[in-house]
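S.K.: To start, I am sharing the structure in question, which I have written as structure tokens.
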2 protein chains.
Amino acid sequence: MTGRLTVVGLGPGDQRYLTAEAAAVLADAHALYGYGAYLDRVPARAGQRRHPSDNREEAARAAEALHDAAQGASVAVVSGGDPGVFAMAAAICEQIASGPDSWRTLEIVFVPGITAMLAVAARIGAPLGHDFCTLSLSDNLKPWPVIERRLDAAAQAGFAIALYNPVSRARPWQFAAAVERLRRHLPATTPVIFGRAVGRPDERLTVTTIEAAANEAADMATLVIVGTRETRVIARPGRSPLVYTPRAIPPAVVEVSA
Amino acid sequence: MTGRLTVVGLGPGDQRYLTAEAAAVLADAHALYGYGAYLDRVPARAGQRRHPSDNREEAARAAEALHDAAQGASVAVVSGGDPGVFAMAAAICEQIASGPDSWRTLEIVFVPGITAMLAVAARIGAPLGHDFCTLSLSDNLKPWPVIERRLDAAAQAGFAIALYNPVSRARPWQFAAAVERLRRHLPATTPVIFGRAVGRPDERLTVTTIEAAANEAADMATLVIVGTRETRVIARPGRSPLVYTPRAIPPAVVEVSA
């Protein structure tokens with residue numbers, strides 16, 4: 001009897017972001033595991049077990065789901081966004097690496113989803129239209145000096161930056177510290193986008209500058225995109241502005257930012 | 001009479017990656033614009049105009065689609081992957097920025113899709129499970145020294161790296177030069193993944209090391225992921241290996257890579 005474990009990305013909080021493959025996997029699974037708020041987004045189906053858990057219990061959830069699959073069940077572990085971007089896919093791999101041999105012979109499938117930075121970028125234009133970095137501001141699992149060094153490197157080298165997990169109740173100062181760090185390298189007018197709860201009824205999008213960014217409210221549901229020297233804002237009469245990073249870097253700009 | 005222009009991400013080359021929103025937009029549009037090979041993926045619909053163009057004609061395609069929408073049509077511009085990642089969204093914004101005032105009052109919508117790096121990562125585990133950079137190796141629109149500086153910055157700071165457009169007929173040496181550059185900063189055993197034509201019948205996935213990477217065949221349909229010092233490979237009896245970047249960076253590792 002061999003089970004199967006699928007790690008499924010739901011995308012941001014709306015059914016319109018779901019891929020055809022993700023919908024099929026969710027309908028077929030014997031058992032669903034995930035953070036309760038994500039499981040609530042999946043339509044109920046008779047005969048399907050549900051195992052909600054808390055947001056921070058990723059390792060335990062991964063182990064339970066693997067154990068269930070090893071007993072022969074077809075198990076789906078749900079992730080918000082994409083499972084491979086600061087989500088459940090790495091937690092599942094970590095458990096397999098340290099778990100019993102039987103977990104290494106299981107069929108494991110990862111189903112990608114729309115991660116938050118792509119959804120936020122799409123709401124505002126193309127701020128990630130050129131080279132960019134994707135960085136979590138959580139120092140729960142990595143030391144803060146590593147985050148500072150990565151912020152410096154990304155801004156100095158001219159990458160746009162997508163910031164995940166900017167703030168939480170337990171991490172109140174990190175976002176302001178990151179903005180302060182980025183200001184050392186970027187012009188004061190560099191565009192910054194706050195995308196909160198994209199695709200949900202309480203969605204809120206704000207465009208500001210790196211100079212003013214620390215004053216904006218961010219929370220666990222916010223994804224922040226910091227532009228580059230080249231990022232532009234197009235004002236539009238009667239419509240929200242478009243923000244984009246051009247595809248080309250002219251040689252003159254290279255001199256300035258070198 | 002007011003038109004509407006939607007920039008739609010198809011994801012990699014298979015219908016299973018299409019989101020519900022993208023499918024709805026494609027079915028409703030009066031006219032479709034895009035690279036011919038992408039348009040061929042969209043099911044035909046009676047009464048819908050199709051305007052295929054060559055791969056390199058992004059600016060002209062964007063201008064034509066905007067002109068069409070400004071005449072009152074509901075126009076969809078299709079992109080492979082996600083339109084905001086090295087694709088049509090920035091080209092559309094650039095045209096609006098430099099085009100007639102009437103283009104600024106048009107309704108413009110961007111529909112995100114599964115970009116290649118998420119699809120390749122999902123095929124192999126979670127190589128982008130921690131902080132990462134996304135970089136195009138094409139020096140058509142930016143000087144090669146900028147690319148070198150970004151490769152250095154990304155590898156030195158410990159980001160995993162997703163490389164788009166590694167090679168083309170007109171750019172034969174850039175990928176090997178990039179690998180050589182990355183070798184200066186990364187241990188020889190750092191895992192590297194080649195994902196070619198993911199989701200298509202001729203899909204091919206290869207896991208190698210940064211030491212051996214320059215010998216692998218890459219082409220325009222290949223997405224390359226370079227791991228970090230922490231990226232691990234799990235060998236699995238009878239199955240392909242899993243590659244993942246752990247969520248945690250222990251303090252000891254920080255000392256080594258500082």
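Residues in the structure tokens are numbered from 1 in each chain, the chains being A, B, ... in the order shown, and ligands are numbered from 1 in the order shown.
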Which of segment 111-190 of chain B end up as strand (DSSP E) when DSSP is run on this backbone - answer as a list in words?

M.R.: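 DSSP on the backbone gives strand (DSSP E) at Val111, Gly125, Ala126, Phe132, Cys133, Thr134, Leu135, Ser136, Ala160, Ile161, Ala162, Leu163 and Tyr164 of chain B.
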
S.K.: Do you know which residues are at most 10 Å from Ala212 of chain B counting only C-alpha atoms, after dropping those on the same chain fewer than 6 positions away, and could you put them as a list of chain:residue names?

M.R.: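 Returned residues: B:Val179, B:Ala188, B:Thr189, B:Thr190, B:Pro191, B:Val192.
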
S.K.: Which residues of chain A have any atom within 7 Å of an atom in chain B when counting only C-alpha atoms, and what is the closest pair of atoms for each, with the distance in Å to one decimal? Order the rows by chain and rising number and write it as CSV.

M.R.:
```
residue,atom,partner,partner_atom,distance
A:Arg16,CA,B:Glu21,CA,4.8
A:Tyr17,CA,B:Thr19,CA,5.4
A:Leu18,CA,B:Thr19,CA,5.2
A:Thr19,CA,B:Thr19,CA,4.1
A:Ala20,CA,B:Arg16,CA,4.9
A:Glu21,CA,B:Arg16,CA,4.8
A:Gly84,CA,B:Ala126,CA,5.1
A:Val85,CA,B:Gly129,CA,5.3
A:Phe86,CA,B:Gly129,CA,5.7
A:Ala89,CA,B:Ala126,CA,5.6
A:Ala90,CA,B:Ala126,CA,5.2
A:Cys93,CA,B:Tyr244,CA,6.5
A:Glu94,CA,B:Pro246,CA,6.8
A:Ala97,CA,B:Ile234,CA,6.4
A:Arg104,CA,B:Arg236,CA,5.3
A:Thr105,CA,B:Pro237,CA,6.3
A:Phe110,CA,B:Ala122,CA,4.9
A:Val111,CA,B:Ala122,CA,6.2
A:Pro112,CA,B:Ala122,CA,5.9
A:Gly113,CA,B:Ile114,CA,6.4
A:Ile114,CA,B:Ile114,CA,6.0
A:Leu118,CA,B:Pro112,CA,6.2
A:Ala119,CA,B:Pro112,CA,6.0
A:Ala121,CA,B:Gly84,CA,6.9
A:Ala122,CA,B:Phe110,CA,4.9
A:Arg123,CA,B:Phe110,CA,6.6
A:Gly125,CA,B:Ala89,CA,6.7
A:Ala126,CA,B:Gly84,CA,5.1
A:Leu128,CA,B:Gly84,CA,6.1
A:Gly129,CA,B:Val85,CA,5.3
A:His130,CA,B:Phe86,CA,6.2
A:Asp131,CA,B:Leu135,CA,4.7
A:Phe132,CA,B:Thr134,CA,5.3
A:Cys133,CA,B:Cys133,CA,4.1
A:Thr134,CA,B:Phe132,CA,5.4
A:Leu135,CA,B:Asp131,CA,4.8
A:Ser136,CA,B:Asp131,CA,6.6
A:Leu141,CA,B:Ala248,CA,4.5
A:Lys142,CA,B:Ile249,CA,4.9
A:Pro143,CA,B:Pro251,CA,6.8
A:Arg149,CA,B:Ala157,CA,6.5
A:Arg150,CA,B:Ala157,CA,5.4
A:Ala153,CA,B:Ala153,CA,5.5
A:Ala157,CA,B:Arg150,CA,5.4
A:Ile234,CA,B:Ala97,CA,6.4
A:Arg236,CA,B:Arg104,CA,5.3
A:Pro237,CA,B:Thr105,CA,6.3
A:Tyr244,CA,B:Ala90,CA,6.1
A:Thr245,CA,B:Ala90,CA,6.7
A:Pro246,CA,B:Ala90,CA,6.0
A:Arg247,CA,B:Ala90,CA,6.6
A:Ala248,CA,B:Leu141,CA,4.5
A:Ile249,CA,B:Lys142,CA,4.9
A:Pro250,CA,B:Lys142,CA,6.7
A:Pro251,CA,B:Pro143,CA,6.8
```

S.K.: Could you jot down the atom CA of Val75 of chain A to atom CA of His51 of chain A separation for me, Å, one decimal place?

M.R.: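 It comes out at 10.5 Å.
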
S.K.: Give me, as a list in words, all polymer residues having an atom no more than 9 Å from Val78 of chain A, counting only C-alpha atoms and skipping those fewer than 4 positions away in the same chain.

M.R.: Thr6, Val7, Val8, Gly9, Leu10, Leu26, Leu32, Tyr33, Gly34, Tyr35, Tyr38, Leu39, Pro83 and Met88 of chain A

S.K.: Rounded to one decimal, what separation in Å do you get between atom CA of Ala37 of chain B and atom CA of Ala217 of chain B?

M.R.: 22.2 Å

S.K.: Might you pull out every residue within 10 Å of Ala176 of chain A, with only C-alpha atoms counted and same-chain residues fewer than 5 positions away left off, and present them as a list in words?

M.R.: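 The contact residues come out as Pro166, Val167, Arg181, Leu182, Ala213, Ala214, Asn215, Glu216 and Ala218 of chain A.
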
S.K.: Got time to write the residues from that selection, N, CA and C atoms, as a tab-separated table (two decimals), in the first residue's frame?

M.R.:
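So selection.tsv came out as:
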```
chain	number	residue	atom	x	y	z
A	166	PRO	N	6.83	41.11	6.51
A	166	PRO	CA	7.49	42.34	6.95
A	166	PRO	C	7.37	42.58	8.46
A	167	VAL	N	6.27	42.18	9.05
A	167	VAL	CA	5.98	42.52	10.44
A	167	VAL	C	5.15	41.40	11.05
A	181	ARG	N	17.62	50.76	6.41
A	181	ARG	CA	18.79	50.17	5.74
A	181	ARG	C	18.75	50.45	4.23
A	182	LEU	N	17.58	50.26	3.62
A	182	LEU	CA	17.47	50.44	2.17
A	182	LEU	C	17.66	51.90	1.77
A	213	ALA	N	8.16	55.19	3.51
A	213	ALA	CA	7.65	53.82	3.67
A	213	ALA	C	7.52	53.38	5.12
A	214	ALA	N	8.42	53.81	5.99
A	214	ALA	CA	8.38	53.32	7.37
A	214	ALA	C	7.13	53.76	8.10
A	215	ASN	N	6.48	54.83	7.58
A	215	ASN	CA	5.26	55.32	8.23
A	215	ASN	C	4.00	54.54	7.81
A	216	GLU	N	4.13	53.71	6.79
A	216	GLU	CA	2.97	52.96	6.32
A	216	GLU	C	2.70	51.76	7.24
A	218	ALA	N	2.11	48.07	7.90
A	218	ALA	CA	2.27	46.74	7.31
A	218	ALA	C	1.87	45.73	8.38
```

S.K.: Env of Pro201 of chain A: 12 Å cut, atoms = only C-alpha atoms, seq-sep filter 2 positions within chain, self excluded. Answer as a list in words.

M.R.: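 Returned residues: Pro12, Gly13, Asp14, Arg196, Ala197, Val198, Gly199, Glu203 and Arg204 of chain A.
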
S.K.: Kindly save the residues from that selection, with N, CA and C atoms included, as a compact mmCIF listing (two decimals), in the first residue's frame.

M.R.:
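Final output, saved to selection.txt:
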```
# COMPACT_ATOMS: atom_id res chain seq x y z
N PRO A 12 -3.07 33.54 -3.73
CA PRO A 12 -3.65 34.46 -2.74
C PRO A 12 -5.13 34.10 -2.53
N GLY A 13 -5.77 34.78 -1.62
CA GLY A 13 -7.06 34.35 -1.11
C GLY A 13 -8.27 34.51 -2.02
N ASP A 14 -8.25 33.95 -3.18
CA ASP A 14 -9.45 33.99 -4.02
C ASP A 14 -9.38 32.85 -5.01
N ARG A 196 -1.77 44.61 0.63
CA ARG A 196 -2.32 43.87 1.78
C ARG A 196 -3.53 43.04 1.34
N ALA A 197 -3.53 41.76 1.69
CA ALA A 197 -4.69 40.89 1.48
C ALA A 197 -5.17 40.91 0.03
N VAL A 198 -4.22 40.82 -0.90
CA VAL A 198 -4.59 40.88 -2.32
C VAL A 198 -5.55 39.76 -2.70
N GLY A 199 -6.59 40.14 -3.42
CA GLY A 199 -7.59 39.17 -3.86
C GLY A 199 -8.65 38.89 -2.83
N GLU A 203 -8.77 43.85 0.54
CA GLU A 203 -7.53 44.20 -0.17
C GLU A 203 -7.24 45.70 -0.08
N ARG A 204 -5.95 46.04 0.11
CA ARG A 204 -5.57 47.45 0.13
C ARG A 204 -4.20 47.61 -0.51
```

S.K.: Taking into account only C-alpha atoms, which residue in the set B:Asn55, B:Ser240, B:Gln48, B:Ser74 is nearest to Gly3 of chain B?

M.R.: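 Once distances to Gly3 of chain B are computed over only C-alpha atoms, the minimum belongs to B:Ser74.
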
S.K.: Find the distance between atom CA of Thr228 of chain A and atom CA of Pro187 of chain A and write it in Å to one decimal.

M.R.: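 Atom CA of Thr228 of chain A sits 8.7 Å away from atom CA of Pro187 of chain A.
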